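J.: Coordinates in final-v6.cif, mmCIF, C-alpha atoms and all ligand atoms, are listed below.
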data_query
loop_
_atom_site.label_atom_id
_atom_site.label_comp_id
_atom_site.auth_asym_id
_atom_site.auth_seq_id
_atom_site.Cartn_x
_atom_site.Cartn_y
_atom_site.Cartn_z
CA MET Z 218 -0.46 40.62 -21.85
CA PRO Z 219 -2.05 41.56 -18.49
CA ILE Z 220 -1.21 39.73 -15.31
CA PRO Z 221 -3.89 38.14 -13.11
CA SER Z 222 -4.30 39.88 -9.79
CA ASP Z 223 -1.56 38.90 -7.34
CA ASN Z 224 -3.79 37.06 -4.92
CA ASP Z 225 -5.25 34.81 -7.60
CA GLN Z 226 -1.83 34.03 -8.99
CA ALA Z 227 -0.43 33.06 -5.56
CA ILE Z 228 -3.26 30.60 -4.95
CA ARG Z 229 -2.84 29.22 -8.44
CA LEU Z 230 0.89 28.65 -8.14
CA ALA Z 231 0.41 26.95 -4.77
CA ALA Z 232 -2.25 24.70 -6.34
CA PHE Z 233 0.03 23.77 -9.25
CA LYS Z 234 2.86 22.94 -6.88
CA ALA Z 235 0.64 20.80 -4.66
CA LEU Z 236 -0.77 19.01 -7.70
CA GLU Z 237 2.72 18.24 -8.93
CA GLY Z 238 3.40 16.53 -5.58
CA LEU Z 239 0.18 14.50 -5.82
CA VAL Z 240 0.97 13.28 -9.34
CA GLU Z 241 4.47 12.32 -8.24
CA ARG Z 242 2.98 10.31 -5.41
CA TYR Z 243 -0.12 8.76 -6.99
CA GLY Z 244 0.63 8.83 -10.73
CA ASP Z 245 -1.22 10.47 -13.61
CA VAL Z 246 -4.70 9.51 -12.49
CA LEU Z 247 -5.98 10.84 -9.18
CA PRO Z 248 -8.95 9.49 -7.23
CA TRP Z 249 -11.46 12.11 -6.09
CA GLU Z 250 -10.63 11.28 -2.45
CA VAL Z 251 -7.11 12.63 -3.04
CA ILE Z 252 -8.26 15.72 -4.96
CA GLN Z 253 -10.81 16.69 -2.35
CA GLU Z 254 -8.10 16.98 0.32
CA GLY Z 255 -7.06 20.28 -1.28
CA PHE Z 256 -3.84 22.14 -0.52
CA THR Z 257 -2.50 24.73 1.90
CA LEU Z 258 -1.14 28.22 1.32
CA HIS Z 259 0.22 30.26 4.26
CA GLY Z 260 -1.36 27.78 6.64
CA GLU Z 261 -4.79 28.20 5.05
CA GLN Z 262 -6.64 25.24 3.52
CA HIS Z 263 -7.95 25.55 -0.06
CA LEU Z 264 -9.82 23.19 -2.34
CA PHE Z 265 -8.75 22.25 -5.87
CA ALA Z 266 -12.27 21.57 -7.07
CA ASN Z 267 -15.80 21.01 -5.94
CA ARG Z 268 -17.65 17.71 -6.27
CA THR Z 269 -20.76 19.13 -7.90
CA ARG Z 270 -19.54 22.21 -9.75
CA GLY Z 271 -17.62 22.08 -13.01
CA ILE Z 272 -16.05 25.54 -12.76
CA PHE Z 273 -14.46 26.18 -9.38
CA TRP Z 274 -12.56 28.87 -7.48
CA PRO Z 275 -11.78 29.18 -3.77
CA ARG Z 276 -13.58 32.19 -2.26
CA GLN Z 277 -10.24 33.99 -1.85
CA MET Z 278 -9.86 34.22 -5.62
CA GLN Z 279 -11.25 37.47 -6.91
CA GLN Z 280 -10.87 37.44 -10.67
CA THR Z 281 -10.93 34.09 -12.32
CA ALA Z 282 -11.35 30.39 -11.62
CA LEU Z 283 -8.87 27.81 -10.37
CA SER Z 284 -10.13 24.68 -12.08
CA ILE Z 285 -12.62 23.12 -14.46
CA LYS Z 286 -13.80 19.52 -14.25
CA THR Z 287 -15.60 16.94 -16.37
CA THR Z 288 -17.02 13.86 -14.72
CA VAL Z 289 -17.85 10.36 -15.89
CA PRO Z 290 -21.18 9.48 -14.25
CA ARG Z 291 -21.33 6.54 -11.83
CA GLY Z 292 -22.55 3.36 -13.45
CA SER Z 293 -21.37 4.46 -16.88
CA ARG Z 294 -19.27 1.75 -18.48
CA VAL Z 295 -18.77 3.36 -21.83
CA ALA Z 296 -15.17 4.29 -22.48
CA ARG Z 297 -14.86 8.03 -22.67
CA TYR Z 298 -12.68 9.53 -25.35
CA ASP Z 299 -12.72 13.07 -26.50
CA ASP Z 300 -12.92 12.37 -30.23
CA ASP Z 301 -16.46 13.63 -30.70
CA ASN Z 302 -15.65 16.75 -28.78
CA VAL Z 303 -12.79 18.39 -30.63
CA ALA Z 304 -12.68 21.99 -31.78
CA SER Z 305 -11.31 22.88 -35.21
CA ASP Z 306 -8.23 24.39 -33.57
CA GLY Z 307 -7.54 21.12 -31.70
CA ALA Z 308 -8.66 22.50 -28.34
CA PHE Z 309 -10.77 20.67 -25.80
CA LEU Z 310 -14.34 21.93 -25.83
CA TYR Z 311 -15.66 22.73 -22.39
CA LYS Z 312 -19.39 23.37 -22.16
CA PHE Z 313 -20.74 26.54 -20.56
CA GLN Z 314 -22.52 26.18 -17.27
CA GLY Z 315 -26.01 26.50 -18.79
CA THR Z 316 -26.23 28.61 -21.94
CA ASP Z 317 -25.67 32.14 -20.67
CA VAL Z 318 -22.09 33.33 -21.06
CA GLU Z 319 -22.90 36.04 -18.49
CA ALA Z 320 -23.72 33.45 -15.81
CA ARG Z 321 -21.54 33.74 -12.72
CA ASP Z 322 -19.42 30.65 -13.36
CA ASN Z 323 -18.94 31.32 -17.07
CA ARG Z 324 -17.87 34.89 -16.40
CA ARG Z 325 -14.94 33.62 -14.39
CA LEU Z 326 -13.68 31.71 -17.45
CA VAL Z 327 -14.30 34.63 -19.79
CA ARG Z 328 -12.10 36.66 -17.48
CA ALA Z 329 -9.51 33.86 -17.43
CA GLN Z 330 -9.35 34.14 -21.20
CA ARG Z 331 -8.91 37.92 -21.11
CA LEU Z 332 -6.17 37.68 -18.51
CA ASP Z 333 -4.65 34.56 -20.09
CA ALA Z 334 -4.75 32.99 -16.66
CA PRO Z 335 -3.61 29.37 -16.25
CA LEU Z 336 -6.15 26.88 -14.88
CA ILE Z 337 -6.34 23.20 -13.93
CA TYR Z 338 -8.50 20.79 -15.94
CA PHE Z 339 -9.61 17.72 -13.98
CA TYR Z 340 -10.47 15.41 -16.85
CA GLY Z 341 -12.77 12.53 -15.85
CA ILE Z 342 -11.39 9.16 -16.95
CA GLU Z 343 -13.74 6.91 -15.00
CA PRO Z 344 -16.25 7.53 -12.22
CA GLY Z 345 -14.25 9.07 -9.36
CA LEU Z 346 -10.95 9.15 -11.33
CA TYR Z 347 -9.42 12.22 -12.91
CA GLN Z 348 -6.34 13.05 -14.87
CA PRO Z 349 -5.32 16.60 -13.99
CA LEU Z 350 -4.03 18.73 -16.88
CA TRP Z 351 -2.29 22.01 -16.11
CA PRO Z 352 -1.65 24.71 -16.96
CA VAL Z 353 -4.60 25.00 -19.35
CA TYR Z 354 -5.82 28.24 -20.91
CA ILE Z 355 -9.12 29.39 -22.32
CA SER Z 356 -8.20 30.17 -25.92
CA ASP Z 357 -11.66 31.00 -27.22
CA VAL Z 358 -15.21 31.60 -26.04
CA ASP Z 359 -17.60 30.07 -28.58
CA LEU Z 360 -21.04 31.62 -28.15
CA ALA Z 361 -22.56 29.51 -30.95
CA SER Z 362 -21.75 26.13 -29.39
CA HIS Z 363 -21.88 27.42 -25.79
CA SER Z 364 -18.40 26.24 -25.07
CA PHE Z 365 -14.93 27.35 -24.13
CA HIS Z 366 -11.89 26.23 -26.08
CA VAL Z 367 -9.29 24.85 -23.70
CA MET Z 368 -5.59 24.53 -24.59
CA VAL Z 369 -2.89 22.77 -22.59
CA SER Z 370 0.54 24.32 -22.15
CA ALA Z 371 3.90 23.21 -20.78
CA PRO Z 372 4.26 23.76 -17.01
CA GLU Z 373 7.31 26.00 -17.42
CA THR Z 374 5.27 28.52 -19.41
CA VAL Z 375 3.38 29.58 -16.28
CA LYS Z 376 6.32 31.68 -15.21
CA GLN Z 377 6.36 33.54 -18.52
CA LEU Z 378 3.15 35.25 -17.47
CA GLN Z 379 4.98 37.24 -14.89
CA SER Z 380 6.75 39.24 -17.55
CA THR Z 381 5.02 41.06 -20.37
CA LEU Z 382 5.14 39.12 -23.61
CA ARG Z 383 6.05 40.60 -26.96
CA VAL Z 384 3.85 39.84 -29.96
CA ALA Z 385 6.37 37.41 -31.42
CA ASP Z 386 6.48 35.53 -28.11
CA ALA Z 387 2.70 35.38 -28.03
CA LYS Z 388 2.71 33.73 -31.47
CA MET Z 389 5.28 31.21 -30.33
CA LEU Z 390 3.16 30.54 -27.29
CA ALA Z 391 0.11 29.79 -29.45
CA VAL Z 392 2.15 27.27 -31.45
CA GLU Z 393 3.48 25.70 -28.26
CA ARG Z 394 -0.03 25.37 -26.82
CA ARG Z 395 -1.38 23.72 -29.92
CA TYR Z 396 1.46 21.20 -29.88
CA THR Z 397 1.19 20.53 -26.13
CA THR Z 398 -2.57 20.06 -26.43
CA VAL Z 399 -2.09 17.39 -29.11
CA GLN Z 400 0.46 15.61 -26.89
CA ALA Z 401 -1.79 15.88 -23.84
CA LYS Z 402 -4.67 14.30 -25.75
CA LYS Z 403 -2.51 11.41 -26.90
CA ARG Z 404 -1.37 10.80 -23.35
CA LEU Z 405 -4.94 11.08 -22.11
CA HIS Z 406 -6.05 8.38 -24.55
CA GLN Z 407 -3.24 6.09 -23.44
CA VAL Z 408 -4.05 6.58 -19.79
CA ALA Z 409 -7.78 6.09 -20.39
CA PHE Z 410 -7.17 2.99 -22.54
CA ARG Z 411 -5.01 1.44 -19.82
CA ARG Z 412 -7.56 2.19 -17.09
CA HIS Z 413 -10.51 0.85 -19.10
CA VAL Z 414 -8.72 -2.34 -20.17
CA LEU Z 415 -7.37 -3.12 -16.69
CA ARG Z 416 -10.80 -2.55 -15.20
CA ALA Z 417 -12.46 -4.82 -17.79
CA TYR Z 418 -10.02 -7.61 -16.83
CA GLU Z 419 -10.49 -6.96 -13.12
CA GLU Z 420 -6.85 -5.89 -12.92
CA ARG Z 421 -5.39 -9.29 -13.75
CA CYS Z 422 -3.20 -10.61 -16.55
CA ALA Z 423 -5.39 -12.41 -19.12
CA VAL Z 424 -2.78 -15.20 -19.36
CA CYS Z 425 -1.60 -15.86 -15.82
CA GLY Z 426 -3.97 -13.89 -13.61
CA PHE Z 427 -1.16 -11.88 -12.03
CA PRO Z 428 -2.87 -9.09 -10.06
CA ARG Z 429 -0.43 -6.21 -9.42
CA THR Z 430 -1.34 -3.16 -11.54
CA GLU Z 431 2.24 -1.86 -11.30
CA LEU Z 432 3.26 -4.75 -13.54
CA LEU Z 433 0.20 -4.84 -15.79
CA ASP Z 434 -0.13 -3.25 -19.24
CA ALA Z 435 -3.00 -2.70 -21.63
CA ALA Z 436 -1.69 -4.46 -24.75
CA HIS Z 437 -3.07 -3.59 -28.19
CA ILE Z 438 -4.25 -6.58 -30.23
CA LEU Z 439 -3.93 -4.67 -33.49
CA PRO Z 440 -1.10 -2.17 -33.11
CA ASP Z 441 -1.67 1.47 -32.27
CA HIS Z 442 -0.68 2.66 -35.75
CA ASP Z 443 -3.23 0.37 -37.47
CA VAL Z 444 -6.22 2.54 -38.40
CA ARG Z 445 -8.48 0.03 -36.69
CA GLY Z 446 -6.15 -0.20 -33.72
CA HIS Z 447 -8.33 2.19 -31.76
CA ALA Z 448 -7.68 2.62 -28.10
CA GLU Z 449 -10.91 0.85 -27.23
CA VAL Z 450 -11.34 -2.07 -24.87
CA PRO Z 451 -12.20 -4.71 -27.56
CA ASN Z 452 -8.77 -4.04 -29.07
CA GLY Z 453 -7.06 -4.50 -25.72
CA LEU Z 454 -5.83 -7.25 -23.43
CA ALA Z 455 -4.61 -6.83 -19.87
CA LEU Z 456 -1.24 -8.56 -19.75
CA CYS Z 457 1.62 -8.66 -17.25
CA ARG Z 458 4.97 -7.38 -18.46
CA LEU Z 459 6.29 -10.84 -19.32
CA HIS Z 460 3.25 -11.94 -21.28
CA HIS Z 461 2.88 -8.56 -22.95
CA GLY Z 462 6.49 -8.78 -24.13
CA ALA Z 463 6.00 -12.34 -25.37
CA PHE Z 464 2.79 -11.36 -27.20
CA ASP Z 465 4.31 -8.25 -28.81
CA THR Z 466 7.31 -10.20 -30.10
CA ASN Z 467 5.14 -13.09 -31.35
CA LEU Z 468 6.71 -15.56 -28.94
CA MET Z 469 3.24 -16.07 -27.53
CA GLY Z 470 0.06 -16.08 -29.60
CA PHE Z 471 -3.66 -16.42 -28.96
CA ARG Z 472 -6.02 -18.38 -31.16
CA PRO Z 473 -9.22 -16.50 -32.04
CA ASN Z 474 -11.02 -18.72 -29.50
CA GLY Z 475 -8.62 -17.54 -26.80
CA VAL Z 476 -6.39 -20.62 -26.51
CA ILE Z 477 -2.77 -19.79 -25.70
CA GLU Z 478 0.12 -20.91 -27.93
CA LEU Z 479 3.89 -20.47 -27.92
CA ALA Z 480 6.23 -20.01 -30.87
CA PRO Z 481 7.78 -23.34 -31.97
CA SER Z 482 11.26 -21.92 -31.33
CA LEU Z 483 10.39 -21.47 -27.65
CA LEU Z 484 8.65 -24.81 -27.34
CA ALA Z 485 11.77 -26.54 -28.62
CA THR Z 486 14.04 -25.11 -25.92
CA HIS Z 487 14.42 -26.03 -22.26
CA ASP Z 488 15.33 -23.67 -19.50
CA GLY Z 489 14.55 -22.63 -15.94
CA PRO Z 490 11.18 -21.91 -14.28
CA THR Z 491 10.35 -18.77 -16.31
CA LEU Z 492 10.26 -20.68 -19.57
CA GLU Z 493 8.93 -23.96 -18.17
CA HIS Z 494 6.24 -22.55 -15.87
CA ALA Z 495 5.53 -18.91 -16.72
CA LEU Z 496 5.48 -19.49 -20.50
CA LYS Z 497 5.12 -23.19 -21.45
CA GLY Z 498 2.87 -23.76 -18.45
CA PHE Z 499 0.03 -21.82 -20.11
CA VAL Z 500 0.10 -23.50 -23.53
CA GLY Z 501 -3.34 -24.94 -24.37
CA LYS Z 502 -5.06 -22.96 -21.61
CA SER Z 503 -7.56 -20.20 -22.33
CA LEU Z 504 -7.28 -16.47 -21.86
CA LEU Z 505 -9.18 -15.06 -18.89
CA MET Z 506 -11.79 -12.86 -20.57
CA PRO Z 507 -13.94 -10.01 -19.26
CA ARG Z 508 -17.42 -11.04 -18.18
CA ALA Z 509 -19.18 -8.37 -20.23
CA ASP Z 510 -19.50 -9.31 -23.93
CA GLU Z 511 -18.84 -5.80 -25.21
CA MET Z 512 -15.51 -5.72 -23.35
CA ARG Z 513 -14.15 -8.93 -24.91
CA PRO Z 514 -11.65 -8.78 -27.76
CA LYS Z 515 -13.15 -8.53 -31.25
CA LYS Z 516 -12.81 -11.89 -32.98
CA LEU Z 517 -11.72 -10.19 -36.20
CA TYR Z 518 -8.83 -8.50 -34.40
CA LEU Z 519 -7.75 -11.76 -32.76
CA GLU Z 520 -7.91 -13.62 -36.09
CA GLU Z 521 -5.77 -11.07 -37.85
CA ARG Z 522 -3.25 -10.94 -35.06
CA TYR Z 523 -3.10 -14.75 -34.85
CA GLU Z 524 -2.33 -14.93 -38.58
CA ARG Z 525 0.65 -12.69 -38.00
CA PHE Z 526 1.84 -14.87 -35.10
CA ARG Z 527 1.61 -17.96 -37.30
CA LYS Z 528 3.53 -16.33 -40.14
CA VAL Z 529 6.36 -15.13 -37.90
CA GLY Z 530 6.51 -18.45 -36.06
ZN ZN C 601 0.91 -12.79 -17.11
#
Kindly transcribe the structure held in the file into structure tokens.
Ligand SMILES: [Zn+2]
T.:
Amino acid sequence: MPIPSDNDQAIRLAAFKALEGLVERYGDVLPWEVIQEGFTLHGEQHLFANRTRGIFWPRQMQQTALSIKTTVPRGSRVARYDDDNVASDGAFLYKFQGTDVEARDNRRLVRAQRLDAPLIYFYGIEPGLYQPLWPVYISDVDLASHSFHVMVSAPETVKQLQSTLRVADAKMLAVERRYTTVQAKKRLHQVAFRRHVLRAYEERCAVCGFPRTELLDAAHILPDHDVRGHAEVPNGLALCRLHHGAFDTNLMGFRPNGVIELAPSLLATHDGPTLEHALKGFVGKSLLMPRADEMRPKKLYLEERYERFRKVG
């Protein structure tokens, strides 16, 4: 397998390293303000991506691109999931710039495929928020649908490029990429679900109003493994860790009209302030719901979940 030209690879590795630092510091989802700061290599400033272009490379890169980006438009409130955009091989589909594969931007990705060069995918979760995926590879150029197939790989595989791969290794690599892409998509859905639910609830617990996102979860009303338990906002509730735990273990339940209940076993006991105030204190009160109708929990989901709470209790 050929090796990307040295200069391109050096910029790329510096970008990956810098990105790793950003994710460590800010978490999985990066605001555009952080991405646009770029990174330095040998004292020179480079950008990760460009606000308006999808396919990007710093001018010092000669062969391929550094990153691709998809954006959620401002004002869009529809949750974005990739389900309608999946290739038969499980890859992400990334649209050509225009329809001409020979266009300047597209040619950079065609070359990335030929060289098997690793790229960064800034995947838009919400307006101005991106989850970076890297390394990603262009596994196919689909002229019929005007799109590139994009596969995610494990970070440690980047180094394998520096040695020539045998055929057997290349096959293993294809298997690894398919697996890592599936995992990356799952993670992406979880991250997106959490972001969308927390935003719908204005980043507060639906029971107690606690406002620190570090301690807030997006709880599923119907569990993840239920076929209807889609990672969509109407199947979610923003809950703090305590209330999420109580809800998941059926110590706390919500009537379909949103009124909060506790399991009889808890009601019958007496203890310190956590039980008396943080749990019993909310019995009979109503869940704090999102203002927008389409963001509120589906009544059917609440009914079914409440039945389960009653049975267990
Ligand atoms: Zn709470």
J.: Under the rule of at most 8 Å, produce a per-residue listing of chain Z near ligand ZN 601 (chain C): chain, number, name, the closest pair of atoms, and the distance in Å, as CSV, using only C-alpha atoms and all ligand atoms.
T.:
residue,atom,partner,partner_atom,distance
Z:Arg421,CA,C:ZN601,ZN,8.0
Z:Cys422,CA,C:ZN601,ZN,4.7
Z:Ala423,CA,C:ZN601,ZN,6.6
Z:Val424,CA,C:ZN601,ZN,4.9
Z:Cys425,CA,C:ZN601,ZN,4.2
Z:Gly426,CA,C:ZN601,ZN,6.1
Z:Phe427,CA,C:ZN601,ZN,5.6
Z:Leu456,CA,C:ZN601,ZN,5.4
Z:Cys457,CA,C:ZN601,ZN,4.2
Z:Arg458,CA,C:ZN601,ZN,6.9
Z:Leu459,CA,C:ZN601,ZN,6.1
Z:His460,CA,C:ZN601,ZN,4.9
Z:His461,CA,C:ZN601,ZN,7.5
Z:Ala495,CA,C:ZN601,ZN,7.7
J.: If we draw a sphere of 12 Å around (0.9, 9.9, -11.8), which residues have at least one atom in it when counting all atoms listed in the file? Please report them as a ChimeraX atom specification.
T.: /Z:236-248,346-350,404-405,408,431
J.: Around (-15.9, 33.4, -8.6) in the file's frame, which residues reach within 12 Å when counting all atoms listed in the file? Return as a list in words?
T.: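 Those within range, by chain then number, are Asp225, Arg270, Ile272, Phe273, Trp274, Pro275, Arg276, Gln277, Met278, Gln279, Gln280, Thr281, Ala282, Leu283, Ser284, Ala320, Arg321, Asp322, Asn323, Arg324, Arg325, Leu326, Val327, Arg328 and Ala329 of chain Z.
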J.: Using CA of Tyr340 (chain Z) and CA of Gln400 (chain Z) as the two end points, give the distance in Å to one decimal.
T.: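 Interatomic distance, CA of Tyr340 (chain Z) to CA of Gln400 (chain Z): 14.8 Å.
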J.: Measuring atom to atom with only C-alpha atoms, identify which of Z:Lys402, Z:His363, Z:Arg395, Z:His437 is nearest to Ser305 (chain Z).
T.: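 Of all the options, Z:Arg395 lies closest to Ser305 (chain Z).
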J.: Between CA of Pro335 (chain Z) and CA of Pro372 (chain Z), what is the spacing in Å?
T.: 9.7 Å
J.: Please output region 251-271 of chain Z, rebuilt to include N, CA, C and O atoms, as a compact mmCIF listing (two decimals), in the frame of the given file.
T.:
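Final output, saved to out.txt:
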# COMPACT_ATOMS: atom_id res chain seq x y z
N VAL Z 251 -8.39 11.92 -3.16
CA VAL Z 251 -7.11 12.63 -3.04
C VAL Z 251 -7.29 14.10 -3.42
O VAL Z 251 -6.79 15.01 -2.76
N ILE Z 252 -8.05 14.34 -4.50
CA ILE Z 252 -8.26 15.72 -4.96
C ILE Z 252 -9.00 16.54 -3.91
O ILE Z 252 -8.67 17.70 -3.67
N GLN Z 253 -9.97 15.92 -3.26
CA GLN Z 253 -10.81 16.69 -2.35
C GLN Z 253 -10.10 17.11 -1.06
O GLN Z 253 -10.61 17.93 -0.32
N GLU Z 254 -8.89 16.55 -0.84
CA GLU Z 254 -8.10 16.98 0.32
C GLU Z 254 -7.64 18.43 0.17
O GLU Z 254 -7.41 19.12 1.16
N GLY Z 255 -7.47 18.90 -1.06
CA GLY Z 255 -7.06 20.28 -1.28
C GLY Z 255 -5.59 20.51 -0.99
O GLY Z 255 -4.79 19.57 -0.98
N PHE Z 256 -5.24 21.76 -0.74
CA PHE Z 256 -3.84 22.14 -0.52
C PHE Z 256 -3.79 23.33 0.44
O PHE Z 256 -4.81 23.96 0.71
N THR Z 257 -2.62 23.61 0.96
CA THR Z 257 -2.50 24.73 1.90
C THR Z 257 -1.61 25.82 1.31
O THR Z 257 -0.68 25.56 0.56
N LEU Z 258 -1.96 27.06 1.67
CA LEU Z 258 -1.14 28.22 1.32
C LEU Z 258 -1.12 29.13 2.54
O LEU Z 258 -2.18 29.51 3.05
N HIS Z 259 0.06 29.45 3.04
CA HIS Z 259 0.22 30.26 4.26
C HIS Z 259 -0.65 29.71 5.39
O HIS Z 259 -1.36 30.46 6.07
N GLY Z 260 -0.63 28.41 5.54
CA GLY Z 260 -1.36 27.78 6.64
C GLY Z 260 -2.88 27.71 6.43
O GLY Z 260 -3.61 27.21 7.28
N GLU Z 261 -3.36 28.21 5.30
CA GLU Z 261 -4.79 28.20 5.05
C GLU Z 261 -5.14 27.07 4.08
O GLU Z 261 -4.44 26.87 3.09
N GLN Z 262 -6.23 26.35 4.36
CA GLN Z 262 -6.64 25.24 3.52
C GLN Z 262 -7.48 25.71 2.33
O GLN Z 262 -8.38 26.54 2.50
N HIS Z 263 -7.16 25.22 1.14
CA HIS Z 263 -7.95 25.55 -0.06
C HIS Z 263 -8.35 24.27 -0.77
O HIS Z 263 -7.67 23.26 -0.65
N LEU Z 264 -9.42 24.35 -1.53
CA LEU Z 264 -9.82 23.19 -2.34
C LEU Z 264 -9.35 23.37 -3.78
O LEU Z 264 -9.21 24.50 -4.26
N PHE Z 265 -9.09 22.23 -4.44
CA PHE Z 265 -8.75 22.25 -5.87
C PHE Z 265 -10.02 22.38 -6.73
O PHE Z 265 -10.00 22.95 -7.80
N ALA Z 266 -11.06 21.72 -6.27
CA ALA Z 266 -12.27 21.57 -7.07
C ALA Z 266 -13.42 21.26 -6.14
O ALA Z 266 -13.22 21.01 -4.95
N ASN Z 267 -14.61 21.28 -6.71
CA ASN Z 267 -15.80 21.01 -5.94
C ASN Z 267 -16.51 19.81 -6.58
O ASN Z 267 -16.51 19.68 -7.80
N ARG Z 268 -17.07 18.95 -5.74
CA ARG Z 268 -17.65 17.71 -6.27
C ARG Z 268 -18.74 17.97 -7.30
O ARG Z 268 -18.80 17.32 -8.34
N THR Z 269 -19.59 18.95 -7.03
CA THR Z 269 -20.76 19.13 -7.90
C THR Z 269 -20.58 20.20 -8.98
O THR Z 269 -21.26 20.14 -10.00
N ARG Z 270 -19.69 21.14 -8.76
CA ARG Z 270 -19.54 22.21 -9.75
C ARG Z 270 -18.46 21.88 -10.76
O ARG Z 270 -17.44 21.29 -10.41
N GLY Z 271 -18.64 22.30 -12.00
CA GLY Z 271 -17.62 22.08 -13.01
C GLY Z 271 -16.54 23.15 -12.95
O GLY Z 271 -15.35 22.87 -13.03
